[in-house]
Amino acid sequence: MKMQRIIMKLMIVTLLGALISCSSNEESKEAVQIPKVQQRVRSFNTLEVDPKPVNNSINITGRVVPLQKFDVIAQVQGFAKSTGKSFKAGVDYVAGQTLIHIEDDEFRNNLSAQKSQFLSSLVRIMSDLKVDYPNDFPVWKEYLTKVSIEQPLPTIPKVSEDQLKYYLAANNIYNLYYSIRSAEKTLEKYRIRAPFDGSVVQSSIDIGSLVNPNVKLGEFIRTDEYEIRATLSFSEIESIREGQQITFYSPDIKGQWVGHVARIGSRIDPASQAVPIYLTVEGSGLKEGMYLEAAISSEIFENAVELSKDFITRNNQVYLIKDSIVQLRKVNLLAFNSNTVLVDGLKRGDKVIVDPINSPIQGIVAVSK
């Protein structure tokens with residue numbers, strides 16, 4: 001009986017051992033058959049850089065405006081007369097040439113009458129001057145010969161003796177003289193003259209039109225010299241100096257124009273951190289409103305690379321692939337252009353990722369396309 005129990009226990013132990021062995025083998029087979037999970041490899045477009053000395057240039061773009069603009073405004077009233085040249089947009093004039101002539105016959109006749117009265121007054125006092133002021137008589141006699149009704153009044157002789165001064169004032173000499181000089185200044189206002197070489201750009205008057213005082217009749221601009229207003233960053237302005245010569249060109253037409261830095265603004269725009277500069281430019285073919293461009297050489301940067309602003313993070317870093325791993329590299333910003341920036345801190349052969357990056361990718365496995 002005992003022998004049977006022992007045999008039964010041995011059989012149970014043997015059976016359990018066989019079951020455990022089978023289970024271990026199955027688990028081993030399953031472990032072998034499970035494939036290893038491989039890390040995903042991403043590919044990016046890259047730019048292989050080659051740092052080298054770069055001659056940095058500052059780009060300037062600005063609109064051409066007249067250096068001088070003159071609003072044509074009359075100071076007297078009358079009808080516009082012909083000058084032999086039409087006061088219309090596009091017509092050129094030289095400095096001193098009459099732009100608008102206002103009818104002045106009546107005023108001129110009144111002025112001639114005043115001069116005649118002045119001349120008569122001088123003639124009446126000549127005999128008294130000869131007797132009472134013999135030392136001054138020759139001077140006044142010569143002055144009398146210079147006075148002409150058709151010509152501007154010559155400057156009256158200076159008087160040092162008070163007694164003679166009172167005598168001339170009592171005979172209305174000074175009053176007549178200064179009234180005539182004032183009228184002569186008013187007569188000049190009947191002819192509006194070009195203050196400089198230029199061209200009419202706007203006109204609102206025709207021959208025969210009534211001209212009223214203080215009414216704008218047109219616009220006249222200087223055409224031999226223009227001005228360009230541009231803005232530069234605070235860092236770029238250090239490379240600019242007043243009087244510096246700059247060559248401009250147009251993106252639309254052929255030609256080059258020489259300009260000079262006339263003024264540099266003293267105020268920085270707080271929003272853009274830009275400083276205005278003003279440049280004079282001259283030459284044929286310039287028109288108001290056209291855009292000109294220029295590039296100024298500022299300095300040479302050693303071991304520099306020019307990259308798009310889109311490739312640089314907010315922390316002044318770039319993504320690059322090294323040993324199949326994406327890494328971040330700090331760069332130094334040297335100079336800014338319109339869409340690019342010059343940087344250093346990269347080595348020859350570095351592969352900078354040029355694809356848009358929307359989320360951090362540092363540390364992932366990657367290759368260049």
# chains A, B, ... in the order shown; residues from 1 in each chain; ligands from 1
>>> residues_around(residues="region 176-188 of chain A", least_positions_apart="5", cutoff="8 Å", atoms="only C-alpha atoms", output="compact mmCIF listing (two decimals) with C-alpha atoms, in the first residue's frame")
# COMPACT_ATOMS: atom_id res chain seq x y z
CA ASP A 104 0.69 145.72 -63.78
CA PHE A 107 0.38 150.15 -60.80
CA ARG A 108 3.43 150.96 -62.93
CA LEU A 111 4.77 154.46 -59.59
CA GLN A 114 5.44 159.11 -57.69
CA LYS A 115 8.92 159.22 -59.20
CA GLN A 117 6.83 164.02 -57.94
CA PHE A 118 10.04 163.01 -56.17
CA PRO A 152 14.64 151.83 -60.19
CA LEU A 153 15.31 154.60 -57.72
CA ILE A 156 19.55 158.24 -51.39
>>> select_by_dssp(residues="region 87-295 of chain A", states="alpha helix (DSSP H)", output="PyMOL selection string")
chain A and resi 105-132+137-146+162-170+173-188
>>> select_by_dssp(residues="region 17-253 of chain A", states="strand (DSSP E)", output="JSON, numbers by chain")
{"A": [42, 43, 44, 46, 47, 48, 52, 53, 54, 55, 56, 57, 58, 59, 60, 61, 62, 63, 64, 65, 66, 69, 70, 71, 72, 73, 78, 79, 80, 81, 92, 93, 98, 99, 100, 101, 102, 191, 192, 193, 198, 199, 200, 201, 202, 203, 210, 211, 216, 217, 218, 219, 220, 221, 222, 226, 227, 228, 229, 230, 231, 232, 233, 245, 246, 247, 248, 249]}
>>> residues_around(residues="Ile296 (chain A)", least_positions_apart="3", cutoff="7 Å", atoms="only C-alpha atoms", output="PDB file with N, CA, C and O atoms, in the first residue's frame")
ATOM      1  N   SER A  57      27.512  94.241 -46.824  1.00  0.00           N
ATOM      2  CA  SER A  57      27.007  95.457 -47.454  1.00  0.00           C
ATOM      3  C   SER A  57      25.670  95.838 -46.832  1.00  0.00           C
ATOM      4  O   SER A  57      24.900  94.976 -46.414  1.00  0.00           O
ATOM      5  N   ILE A  58      25.413  97.138 -46.786  1.00  0.00           N
ATOM      6  CA  ILE A  58      24.164  97.676 -46.262  1.00  0.00           C
ATOM      7  C   ILE A  58      23.306  98.105 -47.443  1.00  0.00           C
ATOM      8  O   ILE A  58      23.750  98.894 -48.288  1.00  0.00           O
ATOM      9  N   ASN A  59      22.108  97.581 -47.535  1.00  0.00           N
ATOM     10  CA  ASN A  59      21.208  97.916 -48.630  1.00  0.00           C
ATOM     11  C   ASN A  59      20.364  99.128 -48.259  1.00  0.00           C
ATOM     12  O   ASN A  59      19.805  99.212 -47.169  1.00  0.00           O
TER      13      ASN A  59
END
>>> closest_residue(among="A:Ala295, A:Ile264, A:Ala230, A:Val200", to="Phe248 (chain A)", atoms="only C-alpha atoms")
A:Ala295
>>> closest_residue(among="A:Asp323, A:Glu282, A:Asp206, A:Asp128", to="Trp140 (chain A)", atoms="only C-alpha atoms")
A:Asp128
>>> atom_distance(atom1="CA of Asn56 (chain A)", atom2="CA of Ile300 (chain A)")
5.9 Å
>>> closest_atom_pairs(of="region 193-307 of chain A", to="region 337-358 of chain A", cutoff="8 Å", atoms="only C-alpha atoms", output="Markdown table")
| residue | atom | partner | partner_atom | distance |
| --- | --- | --- | --- | --- |
| A:Asn303 | CA | A:Asp344 | CA | 6.1 |
| A:Ala304 | CA | A:Asp344 | CA | 4.8 |
| A:Val305 | CA | A:Val343 | CA | 5.4 |
| A:Glu306 | CA | A:Leu342 | CA | 4.5 |
| A:Leu307 | CA | A:Thr340 | CA | 5.5 |
>>> atom_distance(atom1="CA of Ala274 (chain A)", atom2="CA of Leu232 (chain A)")
5.3 Å
>>> residues_around(residues="Phe87 (chain A)", least_positions_apart="5", cutoff="12 Å", atoms="only C-alpha atoms", output="PyMOL selection string")
chain A and resi 72+80-82+92-93+97-101+192-194+199-207+217-220
>>> closest_residue(among="A:Phe196, A:Tyr133, A:Ala95, A:Thr145", to="Gln163 (chain A)", atoms="only C-alpha atoms")
A:Tyr133
>>> atom_distance(atom1="CA of Gly289 (chain A)", atom2="CA of Gln273 (chain A)")
25.3 Å
>>> closest_residue(among="A:Ser308, A:Asn315, A:Gln245, A:Ser148", to="Ala294 (chain A)", atoms="only C-alpha atoms")
A:Gln245
>>> closest_residue(among="A:Lys189, A:Leu292, A:Ile246, A:Tyr143", to="Asn214 (chain A)", atoms="only C-alpha atoms")
A:Lys189
